[in-house]
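Visitor: Just start-v3.cif, nothing more (mmCIF, C-alpha atoms):
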```
data_start
#
loop_
_atom_site.label_atom_id
_atom_site.label_comp_id
_atom_site.auth_asym_id
_atom_site.auth_seq_id
_atom_site.Cartn_x
_atom_site.Cartn_y
_atom_site.Cartn_z
CA MET M 990 41.48 -118.33 174.96
CA LYS M 991 39.33 -116.95 177.76
CA ILE M 992 38.02 -119.81 179.86
CA GLU M 993 34.46 -119.08 180.93
CA ASN M 994 30.95 -120.53 181.00
CA VAL M 995 28.63 -120.01 178.06
CA LYS M 996 26.29 -117.10 178.82
CA GLY M 997 23.27 -118.30 180.76
CA THR M 998 24.94 -121.47 182.05
CA PHE M 999 26.40 -122.02 185.52
CA ASP M 1000 28.41 -124.51 187.56
CA TYR M 1001 26.86 -125.81 190.79
CA SER M 1002 29.04 -127.44 193.41
CA GLY M 1003 28.94 -128.60 197.01
CA LYS M 1004 25.97 -127.17 198.89
CA GLU M 1005 24.58 -125.60 195.73
CA GLU M 1006 24.23 -128.97 194.05
CA GLU M 1007 23.09 -130.55 197.33
CA ILE M 1008 20.11 -128.14 197.37
CA ARG M 1009 19.31 -128.98 193.76
CA GLU M 1010 19.47 -132.71 194.51
CA TYR M 1011 17.21 -132.12 197.50
CA ILE M 1012 14.62 -130.46 195.23
CA LYS M 1013 14.79 -133.38 192.76
CA ASP M 1014 14.51 -136.01 195.50
CA THR M 1015 11.63 -134.18 197.19
CA LEU M 1016 9.61 -133.82 194.01
CA LYS M 1017 10.42 -137.36 192.87
CA SER M 1018 9.06 -138.70 196.16
CA VAL M 1019 5.81 -136.76 195.57
CA PHE M 1020 5.47 -138.01 191.98
CA LYS M 1021 5.85 -141.60 193.13
CA LEU M 1022 3.10 -141.17 195.75
CA TYR M 1023 0.65 -140.71 192.88
CA GLY M 1024 1.81 -143.73 190.90
CA TYR M 1025 3.79 -141.90 188.21
CA GLU M 1026 6.65 -143.86 186.64
CA PRO M 1027 10.02 -142.47 185.48
CA LEU M 1028 10.88 -141.71 181.87
CA GLU M 1029 14.03 -140.42 180.19
CA THR M 1030 13.91 -138.90 176.71
CA PRO M 1031 16.78 -137.66 174.47
CA ILE M 1032 18.03 -134.10 174.79
CA ILE M 1033 18.71 -133.90 171.04
CA CYS M 1034 15.60 -133.86 168.81
CA ASN M 1035 14.84 -133.39 165.14
CA PHE M 1036 14.30 -129.68 164.65
CA ASP M 1037 11.14 -130.31 162.60
CA LEU M 1038 9.68 -132.11 165.62
CA LEU M 1039 10.41 -129.17 167.92
CA ALA M 1040 8.89 -126.76 165.38
CA LEU M 1041 5.86 -128.86 164.50
CA LYS M 1042 3.30 -126.95 166.59
CA TYR M 1043 4.51 -123.41 165.84
CA ASN M 1044 4.65 -120.99 162.96
CA PRO M 1045 8.18 -120.02 161.81
CA ASN M 1046 8.03 -116.60 163.50
CA ASP M 1047 7.03 -117.90 166.93
CA GLU M 1048 9.25 -116.65 169.76
CA ILE M 1049 9.88 -120.13 171.16
CA LEU M 1050 11.53 -121.26 167.90
CA LYS M 1051 13.93 -118.31 168.03
CA GLU M 1052 15.14 -119.67 171.38
CA VAL M 1053 15.87 -123.21 170.16
CA TYR M 1054 19.55 -124.16 170.08
CA LYS M 1055 20.01 -125.54 166.57
CA VAL M 1056 22.67 -128.17 165.88
CA THR M 1057 23.61 -130.55 163.08
CA ASP M 1058 25.24 -133.97 163.05
CA GLN M 1059 27.78 -135.46 160.65
CA GLY M 1060 24.94 -136.37 158.33
CA ASN M 1061 23.93 -132.69 158.11
CA ARG M 1062 20.58 -133.38 159.74
CA ASN M 1063 18.76 -130.38 161.22
CA LEU M 1064 18.54 -131.01 164.95
CA GLY M 1065 17.83 -128.99 168.08
CA LEU M 1066 18.21 -129.17 171.84
CA ARG M 1067 14.85 -129.72 173.52
CA TYR M 1068 13.29 -126.59 175.03
CA ASP M 1069 10.83 -128.48 177.25
CA LEU M 1070 9.91 -132.05 178.21
CA THR M 1071 6.38 -132.05 176.76
CA ILE M 1072 7.27 -132.39 173.08
CA PRO M 1073 9.66 -135.34 173.74
CA PHE M 1074 6.92 -136.93 175.89
CA ALA M 1075 4.39 -136.58 173.07
CA LYS M 1076 6.93 -138.08 170.66
CA PHE M 1077 7.45 -141.05 173.02
CA ILE M 1078 3.70 -141.71 173.21
CA THR M 1079 3.38 -141.48 169.42
CA LEU M 1080 6.15 -144.05 168.89
CA LYS M 1081 5.13 -146.44 171.71
CA LYS M 1082 2.45 -148.47 169.97
CA ASP M 1083 1.92 -151.02 172.78
CA LEU M 1084 1.53 -148.52 175.63
CA VAL M 1085 -1.26 -149.23 178.12
CA LEU M 1086 -3.40 -146.15 178.75
CA PRO M 1087 -3.81 -144.18 180.90
CA TYR M 1088 -0.07 -143.66 181.11
CA LYS M 1089 1.41 -141.51 183.87
CA ARG M 1090 5.04 -140.48 183.81
CA TYR M 1091 7.46 -138.11 185.48
CA GLU M 1092 10.71 -136.84 184.01
CA ILE M 1093 13.40 -134.67 185.53
CA GLY M 1094 15.70 -133.43 182.80
CA THR M 1095 17.79 -130.64 181.32
CA VAL M 1096 16.31 -128.33 178.69
CA PHE M 1097 17.73 -125.38 176.75
CA ARG M 1098 16.40 -121.98 175.64
CA ASP M 1099 18.42 -119.17 174.08
CA GLY M 1100 16.29 -116.53 175.77
CA PRO M 1101 16.54 -113.65 178.26
CA ILE M 1102 18.45 -114.31 181.50
CA LYS M 1103 17.37 -113.32 184.99
CA ALA M 1104 17.25 -114.84 188.48
CA GLY M 1105 15.86 -118.34 188.11
CA ARG M 1106 15.88 -118.21 184.31
CA ASN M 1107 19.00 -119.62 182.69
CA ARG M 1108 19.66 -120.92 179.19
CA GLN M 1109 20.37 -124.41 180.48
CA PHE M 1110 17.93 -125.45 183.19
CA ILE M 1111 16.10 -128.40 184.70
CA GLN M 1112 12.40 -129.11 184.52
CA CYS M 1113 10.56 -131.60 186.74
CA ASP M 1114 7.47 -132.74 184.84
CA VAL M 1115 4.50 -135.03 185.37
CA ASP M 1116 2.10 -135.84 182.52
CA VAL M 1117 -0.87 -138.11 181.94
CA VAL M 1118 -2.19 -139.32 178.60
CA GLY M 1119 -5.49 -141.16 178.22
CA LEU M 1120 -7.63 -139.33 180.78
CA ASP M 1121 -10.01 -136.45 180.12
CA GLY M 1122 -12.15 -134.49 182.57
CA THR M 1123 -11.39 -132.42 185.63
CA ASN M 1124 -10.71 -135.31 188.04
CA ILE M 1125 -7.20 -135.87 186.71
CA GLU M 1126 -6.63 -132.10 186.51
CA ALA M 1127 -7.45 -131.83 190.22
CA GLU M 1128 -4.97 -134.63 190.93
CA ILE M 1129 -2.30 -132.89 188.86
CA ILE M 1130 -2.84 -129.64 190.77
CA SER M 1131 -2.71 -131.53 194.08
CA ILE M 1132 0.79 -132.70 193.03
CA PHE M 1133 1.74 -129.03 192.68
CA ILE M 1134 0.32 -128.34 196.14
CA ARG M 1135 1.97 -131.31 197.85
CA GLY M 1136 5.29 -130.55 196.17
CA MET M 1137 5.32 -126.91 197.28
CA GLN M 1138 4.27 -127.91 200.80
CA LYS M 1139 7.14 -130.41 201.08
CA LEU M 1140 9.57 -127.77 199.81
CA ASP M 1141 8.08 -125.37 202.39
CA ILE M 1142 7.50 -122.57 199.87
CA PRO M 1143 4.43 -120.35 200.42
CA PHE M 1144 2.56 -120.24 197.11
CA GLU M 1145 -0.61 -119.63 195.14
CA ILE M 1146 -1.83 -121.34 191.98
CA LYS M 1147 -3.47 -119.27 189.26
CA ILE M 1148 -5.88 -121.19 187.03
CA ASN M 1149 -7.81 -120.40 183.88
CA ASN M 1150 -9.24 -122.10 180.81
CA ARG M 1151 -8.18 -121.57 177.18
CA LYS M 1152 -11.65 -122.44 175.88
CA LEU M 1153 -13.11 -119.67 178.02
CA MET M 1154 -10.53 -117.16 176.76
CA GLN M 1155 -11.15 -118.16 173.15
CA GLY M 1156 -14.92 -117.98 173.57
CA ILE M 1157 -14.79 -114.48 175.05
CA ILE M 1158 -12.70 -113.28 172.11
CA GLU M 1159 -15.05 -115.01 169.64
CA SER M 1160 -17.99 -113.17 171.25
CA LEU M 1161 -16.53 -109.97 169.75
CA ASN M 1162 -16.72 -111.47 166.24
CA ILE M 1163 -13.01 -112.27 166.15
CA THR M 1164 -13.09 -115.71 164.56
CA ASN M 1165 -9.84 -116.14 162.62
CA LYS M 1166 -7.68 -118.75 164.38
CA ASP M 1167 -4.44 -116.75 164.10
CA ASP M 1168 -6.16 -113.54 165.25
CA ILE M 1169 -7.57 -115.33 168.31
CA SER M 1170 -4.13 -116.75 169.12
CA ASN M 1171 -2.47 -113.32 168.84
CA VAL M 1172 -5.12 -111.67 171.02
CA ILE M 1173 -4.68 -114.38 173.68
CA LYS M 1174 -0.91 -113.79 173.70
CA THR M 1175 -1.52 -110.07 174.15
CA ILE M 1176 -4.12 -110.52 176.89
CA ASP M 1177 -1.58 -112.69 178.74
CA LYS M 1178 0.52 -109.53 179.14
CA MET M 1179 -2.23 -107.50 180.85
CA ASP M 1180 -0.58 -107.77 184.28
CA LYS M 1181 2.88 -107.01 182.87
CA ILE M 1182 2.45 -103.96 180.63
CA SER M 1183 0.58 -100.64 180.85
CA LYS M 1184 -2.89 -100.05 179.38
CA GLU M 1185 -1.33 -97.75 176.77
CA GLU M 1186 1.08 -100.47 175.64
CA LEU M 1187 -1.75 -103.00 175.61
CA ASN M 1188 -3.87 -100.64 173.50
CA LYS M 1189 -1.07 -100.26 170.94
CA GLU M 1190 -0.54 -104.01 170.66
CA LEU M 1191 -4.25 -104.69 170.19
CA LEU M 1192 -4.54 -101.90 167.59
CA LYS M 1193 -1.77 -103.63 165.62
CA LEU M 1194 -4.06 -106.68 165.59
CA ASN M 1195 -6.89 -104.51 164.17
CA ILE M 1196 -8.90 -104.67 167.41
CA SER M 1197 -10.98 -101.48 167.56
CA ASN M 1198 -11.09 -99.31 170.67
CA SER M 1199 -14.70 -100.30 171.35
CA SER M 1200 -13.83 -104.01 171.15
CA GLN M 1201 -10.79 -103.40 173.33
CA ALA M 1202 -12.97 -101.78 175.98
CA LEU M 1203 -15.20 -104.86 176.07
CA LEU M 1204 -12.17 -107.18 176.18
CA MET M 1205 -10.73 -105.29 179.12
CA GLN M 1206 -14.08 -105.36 180.86
CA TYR M 1207 -14.49 -109.11 180.41
CA PHE M 1208 -10.94 -110.01 181.35
CA GLU M 1209 -11.11 -107.99 184.55
CA MET M 1210 -14.19 -109.91 185.78
CA ASN M 1211 -14.10 -112.64 188.42
CA LEU M 1212 -15.60 -116.07 187.72
CA GLU M 1213 -19.02 -115.21 189.16
CA GLU M 1214 -19.26 -112.05 187.06
CA LEU M 1215 -18.25 -113.91 183.91
CA SER M 1216 -20.85 -116.61 184.64
CA LYS M 1217 -23.60 -113.98 184.94
CA THR M 1218 -22.46 -112.05 181.89
CA PHE M 1219 -22.38 -115.11 179.64
CA ASN M 1220 -25.22 -117.00 181.32
CA ASN M 1221 -27.25 -117.18 178.10
CA SER M 1222 -24.32 -117.47 175.71
CA ASP M 1223 -24.57 -120.01 172.90
CA ASN M 1224 -20.81 -119.98 172.34
CA GLN M 1225 -19.67 -123.56 172.95
CA ASN M 1226 -16.19 -122.56 174.09
CA ILE M 1227 -17.61 -120.23 176.75
CA ILE M 1228 -20.11 -122.87 177.92
CA GLU M 1229 -17.47 -125.63 178.15
CA GLY M 1230 -14.78 -123.34 179.57
CA LEU M 1231 -16.98 -122.06 182.40
CA LYS M 1232 -18.18 -125.57 183.21
CA GLU M 1233 -14.64 -127.00 183.32
CA ILE M 1234 -13.18 -124.25 185.48
CA LYS M 1235 -16.11 -124.38 187.93
CA ASN M 1236 -15.88 -128.18 188.24
CA LEU M 1237 -12.14 -127.98 188.80
CA ILE M 1238 -12.44 -125.35 191.54
CA GLU M 1239 -15.24 -127.34 193.19
CA LEU M 1240 -13.08 -130.49 193.29
CA LEU M 1241 -10.12 -128.58 194.74
CA GLU M 1242 -12.26 -126.88 197.38
CA TYR M 1243 -13.73 -130.24 198.40
CA SER M 1244 -10.16 -131.46 199.07
CA ASN M 1245 -9.46 -128.32 201.15
CA TYR M 1246 -7.14 -126.94 198.46
CA GLY M 1247 -9.30 -123.92 197.66
CA LYS M 1248 -7.12 -121.56 199.70
CA TYR M 1249 -4.26 -122.09 197.27
CA ILE M 1250 -6.30 -121.41 194.13
CA LYS M 1251 -6.89 -118.09 192.39
CA PHE M 1252 -8.95 -117.71 189.19
CA SER M 1253 -7.01 -115.53 186.74
CA PRO M 1254 -8.97 -114.77 183.53
CA THR M 1255 -5.91 -113.31 181.73
CA LEU M 1256 -3.65 -116.33 182.33
CA ALA M 1257 -2.91 -117.90 178.93
CA ARG M 1258 0.51 -119.56 179.03
CA GLY M 1259 2.47 -119.22 175.83
CA GLN M 1260 2.22 -122.65 174.28
CA GLU M 1261 -0.26 -122.99 171.45
CA TYR M 1262 -1.02 -126.61 172.25
CA TYR M 1263 -3.09 -125.94 175.41
CA THR M 1264 -6.77 -126.76 174.83
CA GLY M 1265 -8.49 -126.44 178.22
CA SER M 1266 -7.56 -125.76 181.84
CA ILE M 1267 -4.19 -124.10 182.48
CA PHE M 1268 -2.32 -123.37 185.71
CA GLU M 1269 0.72 -121.49 187.02
CA VAL M 1270 2.36 -121.51 190.46
CA TYR M 1271 3.79 -118.38 192.08
CA ALA M 1272 5.82 -118.04 195.26
CA ILE M 1273 4.36 -115.68 197.86
CA ASN M 1274 6.57 -113.13 199.64
CA SER M 1275 9.52 -113.89 197.38
CA ASN M 1276 11.86 -111.80 195.27
CA ILE M 1277 11.07 -114.22 192.43
CA LYS M 1278 8.05 -112.75 190.64
CA SER M 1279 7.89 -115.08 187.65
CA SER M 1280 6.08 -118.41 187.84
CA ILE M 1281 7.91 -121.36 189.39
CA GLY M 1282 5.77 -123.96 187.68
CA GLY M 1283 2.96 -124.33 185.20
CA GLY M 1284 1.00 -126.63 182.97
CA GLY M 1285 -2.38 -127.50 181.56
CA ARG M 1286 -4.46 -129.68 179.29
CA TYR M 1287 -3.33 -130.37 175.71
CA ASP M 1288 -5.75 -132.85 174.14
CA LEU M 1289 -4.84 -132.34 170.47
CA LEU M 1290 -1.04 -132.57 170.45
CA ILE M 1291 -0.69 -136.36 170.75
CA THR M 1292 -4.07 -136.95 169.08
CA ASN M 1293 -2.97 -135.11 165.92
CA TRP M 1294 0.46 -136.75 165.87
CA ILE M 1295 -0.90 -140.30 166.10
CA ASP M 1296 -3.86 -139.46 163.81
CA ASP M 1297 -5.54 -142.87 164.00
CA GLY M 1298 -9.08 -141.66 164.62
CA ASN M 1299 -8.82 -141.91 168.42
CA ILE M 1300 -8.59 -139.13 170.99
CA TYR M 1301 -5.53 -139.04 173.26
CA PRO M 1302 -6.36 -136.49 175.98
CA ALA M 1303 -3.35 -135.27 177.94
CA VAL M 1304 -2.59 -132.98 180.85
CA GLY M 1305 0.66 -132.14 182.61
CA ILE M 1306 2.61 -129.77 184.84
CA SER M 1307 6.21 -128.71 185.24
CA PHE M 1308 8.20 -127.50 188.26
CA GLY M 1309 11.11 -125.19 187.41
CA LEU M 1310 14.04 -126.51 189.44
CA ASN M 1311 16.31 -123.52 188.81
CA VAL M 1312 13.79 -120.96 190.01
CA ILE M 1313 12.94 -123.08 193.07
CA TYR M 1314 16.67 -123.28 193.79
CA GLU M 1315 16.89 -119.48 193.75
CA ILE M 1316 14.25 -119.39 196.50
CA LEU M 1317 15.81 -122.08 198.69
CA LYS M 1318 19.51 -121.22 198.35
CA THR M 1319 19.42 -118.37 200.87
CA ARG M 1320 17.76 -120.39 203.63
CA GLU M 1321 19.78 -120.75 206.79
CA GLU M 1322 19.16 -124.48 207.20
CA PHE M 1323 20.85 -125.17 203.86
CA ASN M 1324 23.78 -122.83 204.44
CA LYS M 1325 24.56 -124.24 207.88
CA LYS M 1326 24.14 -127.88 206.95
CA SER M 1327 27.34 -129.78 206.20
CA LEU M 1328 27.68 -132.42 203.52
CA VAL M 1329 29.65 -134.47 206.07
CA ASP M 1330 28.36 -135.82 209.39
CA LEU M 1331 31.67 -136.67 211.02
CA TYR M 1332 35.36 -135.82 210.56
CA ILE M 1333 38.10 -138.18 211.73
CA ILE M 1334 41.48 -136.66 212.61
CA PRO M 1335 44.17 -139.38 212.69
CA MET M 1336 47.15 -139.03 215.03
CA ASP M 1337 49.54 -141.37 213.16
CA THR M 1338 46.62 -143.81 212.88
CA TYR M 1339 45.66 -143.53 209.21
CA LYS M 1340 45.15 -147.26 208.72
CA GLU M 1341 42.87 -147.53 211.76
CA SER M 1342 41.07 -144.26 210.89
CA LEU M 1343 40.23 -145.45 207.38
CA LYS M 1344 38.88 -148.70 208.78
CA LEU M 1345 36.78 -146.85 211.39
CA ALA M 1346 35.43 -144.54 208.68
CA ASP M 1347 34.33 -147.53 206.60
CA GLU M 1348 32.62 -149.14 209.58
CA LEU M 1349 30.78 -145.90 210.37
CA ARG M 1350 29.62 -145.58 206.75
CA ASN M 1351 27.88 -148.94 207.16
CA TYR M 1352 25.45 -147.03 209.41
CA ASN M 1353 24.86 -144.27 206.79
CA ILE M 1354 27.17 -141.83 208.53
CA LYS M 1355 28.85 -139.50 206.02
CA VAL M 1356 32.51 -139.52 207.05
CA GLU M 1357 35.57 -137.58 205.90
CA VAL M 1358 39.10 -138.49 207.03
CA GLU M 1359 41.80 -135.82 207.37
CA MET M 1360 44.64 -136.82 205.02
CA LYS M 1361 47.11 -133.91 205.04
CA ASN M 1362 48.69 -134.65 208.41
CA LYS M 1363 47.37 -131.39 209.87
CA LYS M 1364 47.86 -130.41 213.46
CA VAL M 1365 44.73 -130.99 215.57
CA LYS M 1366 44.00 -127.26 215.88
CA LYS M 1367 44.16 -126.71 212.13
CA ALA M 1368 42.06 -129.80 211.50
CA LEU M 1369 39.42 -128.54 213.95
CA ASP M 1370 39.47 -125.14 212.23
CA TYR M 1371 38.80 -126.93 208.93
CA ALA M 1372 35.84 -128.79 210.49
CA ASN M 1373 34.42 -125.50 211.78
CA LYS M 1374 34.78 -123.79 208.40
CA LYS M 1375 32.99 -126.70 206.73
CA ASN M 1376 30.31 -126.78 209.47
CA ILE M 1377 31.05 -130.45 210.13
CA PRO M 1378 29.05 -131.18 213.31
CA TYR M 1379 31.08 -134.07 214.84
CA VAL M 1380 34.80 -134.84 215.10
CA ILE M 1381 36.83 -137.83 216.29
CA VAL M 1382 40.51 -137.45 217.15
CA LEU M 1383 41.95 -140.95 216.87
CA GLY M 1384 45.35 -141.65 218.44
CA GLU M 1385 47.23 -144.52 220.07
CA ASN M 1386 45.53 -143.89 223.43
CA GLU M 1387 42.08 -144.44 221.91
CA LEU M 1388 43.24 -147.62 220.19
CA ASN M 1389 44.77 -148.96 223.42
CA ASP M 1390 41.75 -148.04 225.57
CA GLY M 1391 39.26 -149.61 223.11
CA TYR M 1392 37.03 -146.56 222.78
CA PHE M 1393 37.05 -143.13 221.14
CA LYS M 1394 35.46 -139.75 221.84
CA ILE M 1395 33.01 -138.06 219.52
CA LYS M 1396 33.05 -134.29 219.93
CA GLU M 1397 29.97 -132.25 219.02
CA MET M 1398 31.42 -129.06 217.59
CA THR M 1399 28.56 -126.67 218.33
CA THR M 1400 28.28 -127.59 222.04
CA SER M 1401 31.73 -129.11 222.81
CA ASN M 1402 29.87 -132.09 224.33
CA GLU M 1403 31.83 -135.34 224.13
CA TYR M 1404 30.50 -138.89 223.86
CA ASN M 1405 32.45 -142.08 224.49
CA LEU M 1406 31.88 -145.02 222.18
CA SER M 1407 33.52 -148.44 222.27
CA PHE M 1408 34.97 -149.92 219.09
CA ASN M 1409 32.76 -152.91 219.85
CA GLU M 1410 29.59 -150.74 219.99
CA ILE M 1411 29.82 -148.85 216.71
CA ASN M 1412 26.27 -149.95 215.98
CA LYS M 1413 25.16 -147.33 218.55
CA ILE M 1414 26.61 -144.47 216.49
CA ASN M 1415 23.18 -143.23 215.37
CA ASP M 1416 22.18 -142.72 219.00
CA ILE M 1417 24.82 -139.98 219.10
CA ILE M 1418 24.97 -138.48 215.63
CA LYS M 1419 22.00 -136.22 214.85
CA LYS M 1420 21.86 -136.12 211.06
#
```
Take the structure in the file and give it back as structure tokens.

Guide:
Amino acid sequence: MKIENVKGTFDYSGKEEEIREYIKDTLKSVFKLYGYEPLETPIICNFDLLALKYNPNDEILKEVYKVTDQGNRNLGLRYDLTIPFAKFITLKKDLVLPYKRYEIGTVFRDGPIKAGRNRQFIQCDVDVVGLDGTNIEAEIISIFIRGMQKLDIPFEIKINNRKLMQGIIESLNITNKDDISNVIKTIDKMDKISKEELNKELLKLNISNSSQALLMQYFEMNLEELSKTFNNSDNQNIIEGLKEIKNLIELLEYSNYGKYIKFSPTLARGQEYYTGSIFEVYAINSNIKSSIGGGGRYDLLITNWIDDGNIYPAVGISFGLNVIYEILKTREEFNKKSLVDLYIIPMDTYKESLKLADELRNYNIKVEVEMKNKKVKKALDYANKKNIPYVIVLGENELNDGYFKIKEMTTSNEYNLSFNEINKINDIIKK
């Protein structure tokens, strides 16, 4: 048998996993600043639940990993964290609204593979249920902004509104729900395919050349041009969509976030459940061209599932950990940083070295002890290869004198520290 990873899955070790943990910890700290609480949902779901919002031919369902249990139940591995979140809300009858949660978890999609897009990957989500309006949408987008700032990734956020897109299409007398959905999916490709390819796809949807010309004209307009064009429109989706997107931009500009925001009339996002504002984050000056996060408002998903006559408005966003990792992994500060602060080389003093290591760990110093009885030169070579910044050589002389020397590997500076003054270790070690 050939031993190998399943296609689209990867092992992450050492510094690789340290970077990924750094991303999780950074984003988790941001989520907590806004009062979001943690949630964990099952990876395995009923397949019918995963398929509930899609028609059988939808691309997303082709990417679901299908499994069965010993009871021959049709199950699947979750492809995002939104559907499990909606399921949780539906089942949690005593939940106090509004409810804000974050979840960092593994999801699976049997889809195309490229840099930052694997078949097993981690999403970092925040969602709110029980709040409508643009105030909470502005807060959600500010989480995106604060998260990207803390990760030190230059970025822009594209925003749009599904109501506005739907209304524009309806203005051309395209009123069938499935037709509107298919046109939106095609319009979403405007920046990715040629005009000729776009024309062919729209012709397959029975959109005439004259209607196509108007669609292209509308979807190439900026927000001001769209507002003027549809100033006297009686289409409710256009009226509401323009109002919502303008209010959202106004809120973000008031918080000095306007420089990060770009109105993108062709942005649709693939999921059918989006009902209002939608957003995607893109890294600037990066080899990663796909989005590194996205989200939007989905007011009907939970509402329709609970179906008790009440409205359960919801909005959420997701950071893609794997694609963020692809951006950060080449940075010098991560490659040079060691997972260990200090390396102790015993000279026939293993018992004392282990005790010293434990005492140093009490002060949050990450310590490794050499345990292969290496010569000092070889042990120092090991420390250099691992980029360990500080080394202690501990022999009988140090034990007899009552102090030891800490060597800083990059400068060769040495610091004396008494065994009775270990509490001063953080004055020396620069972590």

Visitor: Return the single residue from M:Ser1170, M:Asn1376, M:Ser1131, M:Ser1307 that is closest to Glu1322 (chain M), with distances computed using only C-alpha atoms.

Guide: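 Of all the options, M:Asn1376 lies closest to Glu1322 (chain M).
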
Visitor: Selection in question (the file shown): the PyMOL selection byres ((chain M and resi 1188) around 12). Which residues does it include, as a short mmCIF file (atom, residue, chain, number, x, y, z; two decimals) with C-alpha atoms, in the frame of the given file?

Guide:
```
data_model
loop_
_atom_site.label_atom_id
_atom_site.label_comp_id
_atom_site.auth_asym_id
_atom_site.auth_seq_id
_atom_site.Cartn_x
_atom_site.Cartn_y
_atom_site.Cartn_z
CA VAL M 1172 -5.12 -111.67 171.02
CA THR M 1175 -1.52 -110.07 174.15
CA ILE M 1176 -4.12 -110.52 176.89
CA LYS M 1178 0.52 -109.53 179.14
CA MET M 1179 -2.23 -107.50 180.85
CA ILE M 1182 2.45 -103.96 180.63
CA SER M 1183 0.58 -100.64 180.85
CA LYS M 1184 -2.89 -100.05 179.38
CA GLU M 1185 -1.33 -97.75 176.77
CA GLU M 1186 1.08 -100.47 175.64
CA LEU M 1187 -1.75 -103.00 175.61
CA LYS M 1189 -1.07 -100.26 170.94
CA GLU M 1190 -0.54 -104.01 170.66
CA LEU M 1191 -4.25 -104.69 170.19
CA LEU M 1192 -4.54 -101.90 167.59
CA LYS M 1193 -1.77 -103.63 165.62
CA LEU M 1194 -4.06 -106.68 165.59
CA ASN M 1195 -6.89 -104.51 164.17
CA ILE M 1196 -8.90 -104.67 167.41
CA SER M 1197 -10.98 -101.48 167.56
CA ASN M 1198 -11.09 -99.31 170.67
CA SER M 1199 -14.70 -100.30 171.35
CA SER M 1200 -13.83 -104.01 171.15
CA GLN M 1201 -10.79 -103.40 173.33
CA ALA M 1202 -12.97 -101.78 175.98
CA LEU M 1204 -12.17 -107.18 176.18
CA MET M 1205 -10.73 -105.29 179.12
#
```

Visitor: Any chance you could resolve the PyMOL selection byres ((chain M and resi 1033-1045) around 9) against this file and give the residues as a list of chain:residue names?

Guide: M:Thr1030, M:Pro1031, M:Ile1032, M:Asn1046, M:Asp1047, M:Glu1048, M:Ile1049, M:Leu1050, M:Lys1051, M:Val1053, M:Lys1055, M:Val1056, M:Arg1062, M:Asn1063, M:Leu1064, M:Gly1065, M:Leu1066, M:Arg1067, M:Tyr1068, M:Ile1072, M:Pro1073, M:Lys1076, M:Gln1260, M:Glu1261, M:Tyr1262, M:Leu1290

Visitor: Could I get the residues of region 1053-1170 of chain M with an atom no further than 10 Å from an atom of region 1220-1224 of chain M, each paired with its nearest atom pair and that distance in Å to one decimal, using only C-alpha atoms, sorted by chain and residue number, as CSV?

Guide:
```
residue,atom,partner,partner_atom,distance
M:Leu1153,CA,M:Asn1224,CA,9.6
M:Gln1155,CA,M:Asn1224,CA,9.9
M:Gly1156,CA,M:Asn1224,CA,6.3
M:Ile1157,CA,M:Asn1224,CA,8.6
M:Glu1159,CA,M:Asn1224,CA,8.1
M:Ser1160,CA,M:Asn1224,CA,7.5
```

Visitor: Given all atoms listed in the file as the basis, pick out the residue of M:Leu1343, M:Leu1140, M:Leu1161, M:Ile1148 nearest to Leu1203 (chain M).

Guide: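 Counting all atoms listed in the file, the residue closest to Leu1203 (chain M) is M:Leu1161.
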
Visitor: For a quick check of understanding, using all atoms listed in the file, which of M:Glu1092, M:Glu1209, M:Asp1330, M:Glu1359 has the smallest distance to Ile1377 (chain M)?

Guide: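 Selected residue with least distance to Ile1377 (chain M): M:Asp1330.
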
Visitor: Can you tell me which residues surround region 1009-1019 of chain M at a distance of at most 6 Å, considering all atoms listed in the file, apart from same-chain residues fewer than 3 positions away, and format the answer as a short mmCIF file (atom, residue, chain, number, x, y, z; two decimals) with C-alpha atoms, in the frame of the given file?

Guide:
```cif
data_model
loop_
_atom_site.label_atom_id
_atom_site.label_comp_id
_atom_site.auth_asym_id
_atom_site.auth_seq_id
_atom_site.Cartn_x
_atom_site.Cartn_y
_atom_site.Cartn_z
CA GLU M 1006 24.23 -128.97 194.05
CA LEU M 1022 3.10 -141.17 195.75
CA GLY M 1136 5.29 -130.55 196.17
#
```
